[in-house]
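See below for input_6.cif, which holds mmCIF, C-alpha atoms and all ligand atoms.
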```cif
data_work
#
loop_
_atom_site.label_atom_id
_atom_site.label_comp_id
_atom_site.auth_asym_id
_atom_site.auth_seq_id
_atom_site.Cartn_x
_atom_site.Cartn_y
_atom_site.Cartn_z
CA MET A 1 -27.93 -8.19 -32.30
CA PHE A 2 -27.39 -8.70 -36.02
CA ARG A 3 -30.03 -11.44 -36.01
CA GLY A 4 -32.44 -9.10 -34.24
CA LEU A 5 -31.91 -6.47 -36.90
CA ILE A 6 -32.62 -8.95 -39.68
CA ASP A 7 -35.85 -9.99 -37.95
CA LEU A 8 -36.86 -6.36 -37.70
CA LEU A 9 -36.21 -5.66 -41.37
CA PHE A 10 -37.51 -8.97 -42.66
CA PRO A 11 -39.96 -10.38 -40.13
CA GLU A 12 -40.41 -14.11 -40.60
CA VAL A 13 -43.80 -15.03 -41.96
CA CYS A 14 -45.75 -18.27 -41.97
CA SER A 15 -45.02 -20.24 -45.15
CA SER A 16 -48.66 -21.09 -45.50
CA CYS A 17 -50.80 -18.06 -44.52
CA GLU A 18 -48.04 -15.41 -44.49
CA CYS A 19 -49.01 -14.00 -41.10
CA SER A 20 -46.05 -12.83 -38.95
CA LEU A 21 -44.58 -15.60 -36.88
CA LEU A 22 -44.61 -15.24 -33.11
CA GLU A 23 -41.60 -15.91 -30.93
CA GLY A 24 -40.90 -19.63 -30.85
CA GLU A 25 -42.74 -20.30 -34.10
CA LYS A 26 -40.70 -21.50 -37.06
CA VAL A 27 -41.77 -21.79 -40.72
CA LEU A 28 -45.46 -22.27 -39.89
CA CYS A 29 -47.72 -20.45 -37.46
CA THR A 30 -49.35 -22.59 -34.79
CA ARG A 31 -52.73 -22.52 -36.52
CA CYS A 32 -51.36 -23.73 -39.89
CA ARG A 33 -49.34 -26.42 -38.17
CA HIS A 34 -52.48 -27.71 -36.48
CA ASP A 35 -54.32 -27.65 -39.80
CA LEU A 36 -51.86 -30.02 -41.47
CA PRO A 37 -53.21 -33.58 -41.89
CA VAL A 38 -50.86 -35.65 -39.73
CA CYS A 39 -50.77 -39.43 -40.30
CA ASN A 40 -49.97 -40.56 -36.73
CA TRP A 41 -50.12 -44.28 -37.49
CA LYS A 42 -49.53 -46.75 -34.72
CA ASP A 43 -48.59 -49.63 -37.05
CA HIS A 44 -45.29 -49.11 -38.85
CA GLN A 45 -45.16 -52.51 -40.50
CA GLN A 46 -48.51 -52.32 -42.19
CA ASN A 47 -49.85 -48.91 -43.15
CA PHE A 48 -50.64 -46.69 -46.11
CA VAL A 49 -46.98 -46.31 -47.14
CA SER A 50 -46.00 -49.96 -46.75
CA ASP A 51 -49.17 -50.97 -48.67
CA LYS A 52 -48.03 -48.91 -51.65
CA LEU A 53 -44.85 -50.98 -51.89
CA LYS A 54 -46.39 -54.31 -50.96
CA GLY A 55 -45.10 -57.18 -53.10
CA ARG A 56 -42.46 -54.97 -54.69
CA VAL A 57 -40.02 -54.35 -51.85
CA LYS A 58 -39.30 -56.08 -48.54
CA LEU A 59 -39.73 -53.25 -46.05
CA ASN A 60 -39.14 -53.52 -42.32
CA PHE A 61 -40.89 -50.33 -41.30
CA ALA A 62 -42.50 -47.32 -42.95
CA ASP A 63 -43.82 -44.00 -41.75
CA ALA A 64 -45.13 -40.75 -43.21
CA LEU A 65 -45.62 -37.46 -41.38
CA LEU A 66 -48.43 -35.95 -43.49
CA TYR A 67 -51.21 -36.85 -45.90
CA PHE A 68 -50.95 -35.21 -49.32
CA GLU A 69 -53.98 -34.36 -51.44
CA LYS A 70 -54.53 -32.03 -54.36
CA GLY A 71 -55.25 -28.60 -52.93
CA ASN A 72 -54.51 -29.41 -49.30
CA LYS A 73 -52.00 -27.62 -47.04
CA THR A 74 -49.42 -30.37 -47.45
CA GLN A 75 -49.40 -29.82 -51.20
CA SER A 76 -48.74 -26.09 -50.89
CA LEU A 77 -46.04 -26.71 -48.27
CA LEU A 78 -44.20 -29.18 -50.52
CA HIS A 79 -44.68 -26.84 -53.47
CA ASP A 80 -42.98 -24.02 -51.53
CA LEU A 81 -40.17 -26.40 -50.61
CA LYS A 82 -39.59 -27.59 -54.16
CA TYR A 83 -40.33 -24.58 -56.30
CA LYS A 84 -40.20 -21.45 -54.12
CA GLY A 85 -36.73 -21.84 -52.68
CA GLN A 86 -38.00 -22.47 -49.14
CA GLU A 87 -35.35 -24.99 -48.20
CA ASN A 88 -35.97 -24.46 -44.46
CA ILE A 89 -39.27 -26.36 -44.76
CA SER A 90 -37.18 -29.52 -45.25
CA ARG A 91 -35.43 -29.27 -41.87
CA TYR A 92 -38.62 -28.10 -40.19
CA LEU A 93 -40.49 -31.25 -41.25
CA GLY A 94 -37.48 -33.38 -40.34
CA LEU A 95 -37.34 -32.07 -36.77
CA TRP A 96 -41.08 -32.52 -36.40
CA HIS A 97 -41.06 -36.07 -37.78
CA ALA A 98 -37.96 -36.99 -35.77
CA GLU A 99 -39.71 -36.11 -32.50
CA ASN A 100 -42.46 -38.61 -33.42
CA LEU A 101 -39.98 -41.24 -34.62
CA LYS A 102 -38.04 -41.00 -31.37
CA GLN A 103 -41.07 -42.39 -29.56
CA MET A 104 -41.02 -45.53 -31.74
CA ASP A 105 -38.88 -48.51 -30.70
CA TRP A 106 -38.00 -49.49 -34.27
CA SER A 107 -36.33 -46.17 -34.99
CA LYS A 108 -33.68 -46.89 -32.33
CA ASP A 109 -32.45 -49.71 -34.54
CA ILE A 110 -31.76 -47.47 -37.60
CA ASP A 111 -28.06 -47.34 -38.50
CA TYR A 112 -28.14 -45.02 -41.51
CA ILE A 113 -30.45 -42.38 -42.91
CA ILE A 114 -30.24 -41.98 -46.70
CA PRO A 115 -31.89 -39.18 -48.70
CA VAL A 116 -33.33 -40.04 -52.12
CA PRO A 117 -30.73 -38.53 -54.47
CA THR A 118 -31.99 -35.77 -56.75
CA HIS A 119 -31.05 -35.26 -60.37
CA PRO A 120 -27.79 -33.28 -60.57
CA LYS A 121 -29.63 -31.06 -63.06
CA ARG A 122 -32.57 -30.43 -60.71
CA ARG A 123 -30.22 -29.82 -57.81
CA ARG A 124 -28.41 -27.18 -59.84
CA GLU A 125 -31.67 -25.50 -60.80
CA ARG A 126 -33.05 -25.58 -57.26
CA GLY A 127 -29.73 -25.02 -55.51
CA TYR A 128 -30.41 -27.76 -52.96
CA ASN A 129 -31.70 -31.29 -52.49
CA GLN A 130 -35.13 -30.78 -50.97
CA VAL A 131 -34.85 -33.98 -48.90
CA GLU A 132 -31.43 -33.28 -47.37
CA GLY A 133 -32.48 -30.96 -44.52
CA TYR A 134 -35.25 -33.39 -43.59
CA ALA A 135 -32.96 -36.43 -43.66
CA LYS A 136 -30.20 -34.70 -41.67
CA ALA A 137 -32.60 -33.44 -39.02
CA ILE A 138 -33.89 -36.98 -38.47
CA GLN A 139 -30.35 -38.36 -38.40
CA GLN A 140 -29.29 -35.77 -35.81
CA VAL A 141 -32.26 -36.35 -33.51
CA LEU A 142 -32.00 -40.15 -33.74
CA GLY A 143 -28.21 -40.03 -33.40
CA CYS A 144 -27.53 -42.53 -36.19
CA GLY A 145 -25.36 -42.37 -39.33
CA TYR A 146 -26.03 -40.48 -42.55
CA SER A 147 -24.91 -41.18 -46.09
CA ASP A 148 -25.46 -39.46 -49.41
CA GLU A 149 -22.74 -41.54 -51.08
CA LEU A 150 -24.26 -44.99 -50.80
CA LEU A 151 -26.94 -44.21 -53.35
CA GLN A 152 -26.42 -41.78 -56.20
CA ARG A 153 -28.31 -40.63 -59.21
CA LYS A 154 -26.98 -40.95 -62.70
CA ASN A 155 -26.95 -37.98 -64.95
CA PHE A 156 -30.30 -37.43 -66.61
CA SER A 157 -29.07 -37.50 -70.21
CA LYS A 158 -27.47 -40.93 -69.89
CA THR A 159 -30.72 -42.59 -68.90
CA GLN A 160 -32.57 -41.15 -71.89
CA VAL A 161 -30.91 -43.88 -73.93
CA PHE A 162 -32.89 -46.55 -72.09
CA LYS A 163 -36.26 -44.97 -72.64
CA ASN A 164 -37.06 -46.72 -75.88
CA ARG A 165 -36.16 -50.18 -74.72
CA LEU A 166 -37.23 -50.36 -71.10
CA SER A 167 -40.42 -49.88 -69.10
CA ARG A 168 -40.89 -46.81 -66.92
CA THR A 169 -39.96 -48.65 -63.70
CA GLU A 170 -36.86 -50.07 -65.32
CA VAL A 171 -35.86 -46.61 -66.51
CA ILE A 172 -36.20 -45.23 -62.97
CA GLU A 173 -34.24 -48.19 -61.64
CA HIS A 174 -31.41 -47.37 -63.99
CA ASN A 175 -31.33 -43.84 -62.61
CA PHE A 176 -29.68 -44.96 -59.37
CA ILE A 177 -26.24 -46.36 -58.66
CA LEU A 178 -25.22 -48.17 -55.50
CA ASN A 179 -21.75 -47.58 -54.07
CA PRO A 180 -21.62 -50.54 -51.72
CA ALA A 181 -19.20 -50.63 -48.79
CA GLU A 182 -18.81 -53.22 -46.07
CA LYS A 183 -19.89 -50.81 -43.33
CA TYR A 184 -23.45 -51.02 -44.68
CA PHE A 185 -23.68 -54.84 -44.57
CA GLY A 186 -26.12 -56.17 -41.98
CA LYS A 187 -27.35 -52.67 -41.18
CA HIS A 188 -30.77 -51.08 -40.90
CA ILE A 189 -31.03 -48.35 -43.54
CA ALA A 190 -33.92 -45.90 -43.69
CA LEU A 191 -34.53 -44.19 -47.02
CA THR A 192 -36.10 -40.74 -46.78
CA ASP A 193 -38.09 -38.90 -49.45
CA ASP A 194 -40.45 -35.95 -49.76
CA LEU A 195 -43.52 -37.58 -51.26
CA ILE A 196 -44.68 -41.11 -52.03
CA THR A 197 -47.23 -41.31 -54.83
CA THR A 198 -46.86 -44.51 -56.88
CA GLY A 199 -43.74 -45.55 -54.99
CA ALA A 200 -41.77 -46.09 -58.23
CA THR A 201 -38.79 -43.96 -57.18
CA ALA A 202 -38.58 -45.53 -53.72
CA GLU A 203 -38.88 -48.98 -55.29
CA ALA A 204 -36.00 -48.23 -57.65
CA CYS A 205 -33.84 -47.10 -54.71
CA PHE A 206 -34.75 -50.19 -52.68
CA ILE A 207 -33.88 -52.49 -55.60
CA GLN A 208 -30.36 -51.08 -55.41
CA LEU A 209 -30.15 -50.97 -51.59
CA SER A 210 -31.37 -54.56 -51.24
CA LYS A 211 -28.17 -55.70 -53.01
CA LEU A 212 -26.33 -54.95 -49.74
CA LYS A 213 -25.64 -58.12 -47.73
CA ASP A 214 -28.12 -58.77 -44.88
CA VAL A 215 -29.51 -55.26 -45.06
CA ARG A 216 -32.79 -54.23 -43.43
CA LEU A 217 -34.71 -51.44 -45.15
CA SER A 218 -37.26 -48.91 -43.97
CA LEU A 219 -38.90 -45.86 -45.51
CA ILE A 220 -39.54 -42.48 -43.88
CA VAL A 221 -41.31 -39.77 -45.88
CA MET A 222 -42.61 -36.25 -45.40
CA ALA A 223 -45.91 -37.08 -47.04
CA VAL A 224 -47.94 -39.79 -48.74
CA ALA A 225 -50.45 -39.16 -51.52
CA ALA A 226 -53.91 -40.20 -50.34
ZN ZN B 1 -50.06 -19.75 -40.94
#
```
Would you kindly transcribe this structure into structure tokens?
Ligand SMILES: [Zn+2]
Amino acid sequence: MFRGLIDLLFPEVCSSCECSLLEGEKVLCTRCRHDLPVCNWKDHQQNFVSDKLKGRVKLNFADALLYFEKGNKTQSLLHDLKYKGQENISRYLGLWHAENLKQMDWSKDIDYIIPVPTHPKRRRERGYNQVEGYAKAIQQVLGCGYSDELLQRKNFSKTQVFKNRLSRTEVIEHNFILNPAEKYFGKHIALTDDLITTGATAEACFIQLSKLKDVRLSLIVMAVAA
């Protein structure tokens, strides 16, 4: 009853076009959802995401839900997620992507889902890690493990020291710390992130994760920059 009252006072609107959502619709109206540019690749070993990291990281599988371009609907959706406090977009995209991933044989082999850690400073400002809801939704649907301890981000100020001496990629690499534990050895770990552009952040994470003995690594992202 309480929930019904809240809906009456604050009807849920579509994150994209702000029309009222119908029963059964969440975050986006059906029309906006259909307008989003879905990747739907059949090949998860060689595709647009894996190509971005080719020669830099040994990836087992990679998949993205949406294409990202300047001015497209994906961009405004991710903008709302990151800068407008719309944390629910994260879980929404995770549930959507998870339903697709469930149809893929390789996803059954995933042991752990890991979110890309955010800066402690950014997390404080935003109040949440924008990848967490997405990562947890995928983990729940696939029924595998989840860890936000394995990989952590160093405090921003500490890494400033490196900036004069190291290249940009090296600086990013130094932003992450691995907390290795035996339970991760020989496992299939899928890193999750919101957006892949150059792939520098993912690469830095994978450099750390690949230090785990006999690990297999995959990448699952909300969107990839076209
Ligand atoms: Zn809409």
- [ ] Show which residues sit within 8 Å of stretch 112-126 of chain A, as an NGL selection string. Count all atoms listed in the file, and ignore same-chain residues fewer than 2 positions away.
- [x] :A and (82-83 or 85 or 110 or 128-129 or 131-132 or 135-136 or 138-139 or 144-148 or 150-156 or 187-193 or 202 or 205)
Selected residues written out with C-alpha atoms, as a PDB file, keeping the file's coordinate frame:
```pdb
ATOM      1  CA  LYS A  82     -39.590 -27.590 -54.160  1.00  0.00           C
ATOM      2  CA  TYR A  83     -40.330 -24.580 -56.300  1.00  0.00           C
ATOM      3  CA  GLY A  85     -36.730 -21.840 -52.680  1.00  0.00           C
ATOM      4  CA  ILE A 110     -31.760 -47.470 -37.600  1.00  0.00           C
ATOM      5  CA  TYR A 128     -30.410 -27.760 -52.960  1.00  0.00           C
ATOM      6  CA  ASN A 129     -31.700 -31.290 -52.490  1.00  0.00           C
ATOM      7  CA  VAL A 131     -34.850 -33.980 -48.900  1.00  0.00           C
ATOM      8  CA  GLU A 132     -31.430 -33.280 -47.370  1.00  0.00           C
ATOM      9  CA  ALA A 135     -32.960 -36.430 -43.660  1.00  0.00           C
ATOM     10  CA  LYS A 136     -30.200 -34.700 -41.670  1.00  0.00           C
ATOM     11  CA  ILE A 138     -33.890 -36.980 -38.470  1.00  0.00           C
ATOM     12  CA  GLN A 139     -30.350 -38.360 -38.400  1.00  0.00           C
ATOM     13  CA  CYS A 144     -27.530 -42.530 -36.190  1.00  0.00           C
ATOM     14  CA  GLY A 145     -25.360 -42.370 -39.330  1.00  0.00           C
ATOM     15  CA  TYR A 146     -26.030 -40.480 -42.550  1.00  0.00           C
ATOM     16  CA  SER A 147     -24.910 -41.180 -46.090  1.00  0.00           C
ATOM     17  CA  ASP A 148     -25.460 -39.460 -49.410  1.00  0.00           C
ATOM     18  CA  LEU A 150     -24.260 -44.990 -50.800  1.00  0.00           C
ATOM     19  CA  LEU A 151     -26.940 -44.210 -53.350  1.00  0.00           C
ATOM     20  CA  GLN A 152     -26.420 -41.780 -56.200  1.00  0.00           C
ATOM     21  CA  ARG A 153     -28.310 -40.630 -59.210  1.00  0.00           C
ATOM     22  CA  LYS A 154     -26.980 -40.950 -62.700  1.00  0.00           C
ATOM     23  CA  ASN A 155     -26.950 -37.980 -64.950  1.00  0.00           C
ATOM     24  CA  PHE A 156     -30.300 -37.430 -66.610  1.00  0.00           C
ATOM     25  CA  LYS A 187     -27.350 -52.670 -41.180  1.00  0.00           C
ATOM     26  CA  HIS A 188     -30.770 -51.080 -40.900  1.00  0.00           C
ATOM     27  CA  ILE A 189     -31.030 -48.350 -43.540  1.00  0.00           C
ATOM     28  CA  ALA A 190     -33.920 -45.900 -43.690  1.00  0.00           C
ATOM     29  CA  LEU A 191     -34.530 -44.190 -47.020  1.00  0.00           C
ATOM     30  CA  THR A 192     -36.100 -40.740 -46.780  1.00  0.00           C
ATOM     31  CA  ASP A 193     -38.090 -38.900 -49.450  1.00  0.00           C
ATOM     32  CA  ALA A 202     -38.580 -45.530 -53.720  1.00  0.00           C
ATOM     33  CA  CYS A 205     -33.840 -47.100 -54.710  1.00  0.00           C
TER      34      CYS A 205
END
```
Open item on the list: When you look at stretch 101-108 of chain A with a cut-off of 8 Å (counting all atoms listed in the file), what residues show up, excluding the ones that are within fewer than 5 positions of it in the same chain? I need them as a PyMOL selection string.
Closed with: chain A and resi 61+141-142
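Identified as lying at most 10 Å from ligand ZN 1 (chain B) when counting all atoms listed in the file are the residues Val13, Cys14, Ser15, Ser16, Cys17, Glu18, Cys19, Ser20, Leu21, Val27, Leu28, Cys29, Thr30, Arg31, Cys32, Arg33, His34 and Asp35 of chain A.
Residue nearest A:Gly127 within the list A:Gly94, A:Gln86, A:Thr197, A:Cys39: A:Gln86 [criterion: smallest interatomic distance, all atoms listed in the file].
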- [ ] Quick one: pull the distance between atom CA of A:Leu178 and atom CA of A:Gly143, Å, one decimal.
- [x] 23.7 Å
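In terms of minimum interatomic distance to A:Tyr134, A:Leu95 ranks closest within A:Ile196, A:Leu217, A:Leu95, A:Ala64, counting all atoms listed in the file.
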- [ ] Just the residues within 8 Å of A:Asp63, please, counting all atoms listed in the file, with nothing from its chain fewer than 3 positions along; format it as a PyMOL selection string.
- [x] chain A and resi 41+44+47+49+219-221
Task: A:Ala223, A:Lys52, A:Lys183, A:Ala137 ranked by distance to A:Leu36, top pick (using only C-alpha atoms) - done: A:Ala223
TODO: Rank nothing, just name the residue among A:Gly199, A:Asp80, A:Gln140, A:Thr74 nearest to A:Gly55, using only C-alpha atoms.
DONE: A:Gly199
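Going from atom CA of A:Arg56 to atom CA of A:Gln208 covers 12.7 Å.
Take atom CA of A:Gly186 and atom CA of A:Ala204: the distance between them is 20.2 Å.
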- [ ] Have a look at A:Asn40, A:Gln75, A:Gln130, A:Gln46 and name the one nearest to A:Asp194; count only C-alpha atoms.
- [x] A:Gln130
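If you measure from each of A:Tyr67, A:Val224, A:Ala98, A:Phe48 to A:Leu195 using all atoms listed in the file, the closest one turns out to be A:Val224.
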Kindly reconstruct stretch 178-201 of chain A with N, CA, C and O atoms and present the result as a PDB file, keeping the file's coordinate frame.
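Heads up, here's the output in selection17.pdb:
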```pdb
ATOM      1  N   LEU A 178     -25.606 -47.830 -56.870  1.00  0.00           N
ATOM      2  CA  LEU A 178     -25.220 -48.170 -55.500  1.00  0.00           C
ATOM      3  C   LEU A 178     -23.696 -48.172 -55.403  1.00  0.00           C
ATOM      4  O   LEU A 178     -23.016 -48.703 -56.269  1.00  0.00           O
ATOM      5  N   ASN A 179     -23.188 -47.534 -54.346  1.00  0.00           N
ATOM      6  CA  ASN A 179     -21.750 -47.580 -54.070  1.00  0.00           C
ATOM      7  C   ASN A 179     -21.541 -48.394 -52.803  1.00  0.00           C
ATOM      8  O   ASN A 179     -21.389 -47.838 -51.717  1.00  0.00           O
ATOM      9  N   PRO A 180     -21.598 -49.703 -52.917  1.00  0.00           N
ATOM     10  CA  PRO A 180     -21.620 -50.540 -51.720  1.00  0.00           C
ATOM     11  C   PRO A 180     -20.285 -50.494 -50.957  1.00  0.00           C
ATOM     12  O   PRO A 180     -19.231 -50.378 -51.561  1.00  0.00           O
ATOM     13  N   ALA A 181     -20.380 -50.540 -49.652  1.00  0.00           N
ATOM     14  CA  ALA A 181     -19.200 -50.630 -48.790  1.00  0.00           C
ATOM     15  C   ALA A 181     -19.566 -51.539 -47.634  1.00  0.00           C
ATOM     16  O   ALA A 181     -20.735 -51.608 -47.241  1.00  0.00           O
ATOM     17  N   GLU A 182     -18.579 -52.216 -47.097  1.00  0.00           N
ATOM     18  CA  GLU A 182     -18.810 -53.220 -46.070  1.00  0.00           C
ATOM     19  C   GLU A 182     -19.526 -52.666 -44.832  1.00  0.00           C
ATOM     20  O   GLU A 182     -20.272 -53.371 -44.174  1.00  0.00           O
ATOM     21  N   LYS A 183     -19.288 -51.394 -44.547  1.00  0.00           N
ATOM     22  CA  LYS A 183     -19.890 -50.810 -43.330  1.00  0.00           C
ATOM     23  C   LYS A 183     -21.421 -50.817 -43.375  1.00  0.00           C
ATOM     24  O   LYS A 183     -22.074 -50.660 -42.350  1.00  0.00           O
ATOM     25  N   TYR A 184     -21.986 -51.007 -44.566  1.00  0.00           N
ATOM     26  CA  TYR A 184     -23.450 -51.020 -44.680  1.00  0.00           C
ATOM     27  C   TYR A 184     -24.039 -52.434 -44.580  1.00  0.00           C
ATOM     28  O   TYR A 184     -25.250 -52.598 -44.486  1.00  0.00           O
ATOM     29  N   PHE A 185     -23.173 -53.468 -44.620  1.00  0.00           N
ATOM     30  CA  PHE A 185     -23.680 -54.840 -44.570  1.00  0.00           C
ATOM     31  C   PHE A 185     -24.309 -55.104 -43.199  1.00  0.00           C
ATOM     32  O   PHE A 185     -23.767 -54.716 -42.166  1.00  0.00           O
ATOM     33  N   GLY A 186     -25.447 -55.795 -43.223  1.00  0.00           N
ATOM     34  CA  GLY A 186     -26.120 -56.170 -41.980  1.00  0.00           C
ATOM     35  C   GLY A 186     -26.728 -55.008 -41.221  1.00  0.00           C
ATOM     36  O   GLY A 186     -27.115 -55.138 -40.067  1.00  0.00           O
ATOM     37  N   LYS A 187     -26.837 -53.855 -41.873  1.00  0.00           N
ATOM     38  CA  LYS A 187     -27.350 -52.670 -41.180  1.00  0.00           C
ATOM     39  C   LYS A 187     -28.823 -52.390 -41.513  1.00  0.00           C
ATOM     40  O   LYS A 187     -29.373 -52.905 -42.478  1.00  0.00           O
ATOM     41  N   HIS A 188     -29.405 -51.544 -40.682  1.00  0.00           N
ATOM     42  CA  HIS A 188     -30.770 -51.080 -40.900  1.00  0.00           C
ATOM     43  C   HIS A 188     -30.682 -49.691 -41.533  1.00  0.00           C
ATOM     44  O   HIS A 188     -30.201 -48.742 -40.906  1.00  0.00           O
ATOM     45  N   ILE A 189     -31.134 -49.604 -42.786  1.00  0.00           N
ATOM     46  CA  ILE A 189     -31.030 -48.350 -43.540  1.00  0.00           C
ATOM     47  C   ILE A 189     -32.428 -47.793 -43.802  1.00  0.00           C
ATOM     48  O   ILE A 189     -33.303 -48.501 -44.308  1.00  0.00           O
ATOM     49  N   ALA A 190     -32.624 -46.545 -43.437  1.00  0.00           N
ATOM     50  CA  ALA A 190     -33.920 -45.900 -43.690  1.00  0.00           C
ATOM     51  C   ALA A 190     -33.768 -44.882 -44.816  1.00  0.00           C
ATOM     52  O   ALA A 190     -32.994 -43.927 -44.708  1.00  0.00           O
ATOM     53  N   LEU A 191     -34.506 -45.118 -45.897  1.00  0.00           N
ATOM     54  CA  LEU A 191     -34.530 -44.190 -47.020  1.00  0.00           C
ATOM     55  C   LEU A 191     -35.532 -43.080 -46.696  1.00  0.00           C
ATOM     56  O   LEU A 191     -36.597 -43.347 -46.139  1.00  0.00           O
ATOM     57  N   THR A 192     -35.175 -41.845 -47.029  1.00  0.00           N
ATOM     58  CA  THR A 192     -36.100 -40.740 -46.780  1.00  0.00           C
ATOM     59  C   THR A 192     -36.414 -40.028 -48.092  1.00  0.00           C
ATOM     60  O   THR A 192     -35.550 -39.870 -48.946  1.00  0.00           O
ATOM     61  N   ASP A 193     -37.680 -39.603 -48.227  1.00  0.00           N
ATOM     62  CA  ASP A 193     -38.090 -38.900 -49.450  1.00  0.00           C
ATOM     63  C   ASP A 193     -39.137 -37.845 -49.079  1.00  0.00           C
ATOM     64  O   ASP A 193     -39.660 -37.840 -47.959  1.00  0.00           O
ATOM     65  N   ASP A 194     -39.437 -36.975 -50.040  1.00  0.00           N
ATOM     66  CA  ASP A 194     -40.450 -35.950 -49.760  1.00  0.00           C
ATOM     67  C   ASP A 194     -41.869 -36.496 -49.885  1.00  0.00           C
ATOM     68  O   ASP A 194     -42.669 -36.355 -48.991  1.00  0.00           O
ATOM     69  N   LEU A 195     -42.138 -37.146 -51.023  1.00  0.00           N
ATOM     70  CA  LEU A 195     -43.520 -37.580 -51.260  1.00  0.00           C
ATOM     71  C   LEU A 195     -43.570 -38.953 -51.914  1.00  0.00           C
ATOM     72  O   LEU A 195     -42.831 -39.221 -52.855  1.00  0.00           O
ATOM     73  N   ILE A 196     -44.452 -39.806 -51.409  1.00  0.00           N
ATOM     74  CA  ILE A 196     -44.680 -41.110 -52.030  1.00  0.00           C
ATOM     75  C   ILE A 196     -46.010 -41.028 -52.777  1.00  0.00           C
ATOM     76  O   ILE A 196     -47.052 -40.748 -52.174  1.00  0.00           O
ATOM     77  N   THR A 197     -45.972 -41.242 -54.065  1.00  0.00           N
ATOM     78  CA  THR A 197     -47.230 -41.310 -54.830  1.00  0.00           C
ATOM     79  C   THR A 197     -47.413 -42.749 -55.323  1.00  0.00           C
ATOM     80  O   THR A 197     -48.113 -43.522 -54.699  1.00  0.00           O
ATOM     81  N   THR A 198     -46.766 -43.115 -56.428  1.00  0.00           N
ATOM     82  CA  THR A 198     -46.860 -44.510 -56.880  1.00  0.00           C
ATOM     83  C   THR A 198     -45.850 -45.389 -56.153  1.00  0.00           C
ATOM     84  O   THR A 198     -46.018 -46.601 -56.088  1.00  0.00           O
ATOM     85  N   GLY A 199     -44.792 -44.789 -55.650  1.00  0.00           N
ATOM     86  CA  GLY A 199     -43.740 -45.550 -54.990  1.00  0.00           C
ATOM     87  C   GLY A 199     -42.657 -46.022 -55.949  1.00  0.00           C
ATOM     88  O   GLY A 199     -41.740 -46.747 -55.547  1.00  0.00           O
ATOM     89  N   ALA A 200     -42.725 -45.615 -57.215  1.00  0.00           N
ATOM     90  CA  ALA A 200     -41.770 -46.090 -58.230  1.00  0.00           C
ATOM     91  C   ALA A 200     -40.331 -45.672 -57.920  1.00  0.00           C
ATOM     92  O   ALA A 200     -39.406 -46.473 -58.073  1.00  0.00           O
ATOM     93  N   THR A 201     -40.146 -44.438 -57.487  1.00  0.00           N
ATOM     94  CA  THR A 201     -38.790 -43.960 -57.180  1.00  0.00           C
ATOM     95  C   THR A 201     -38.220 -44.706 -55.975  1.00  0.00           C
ATOM     96  O   THR A 201     -37.083 -45.174 -56.008  1.00  0.00           O
TER      97      THR A 201
END
```
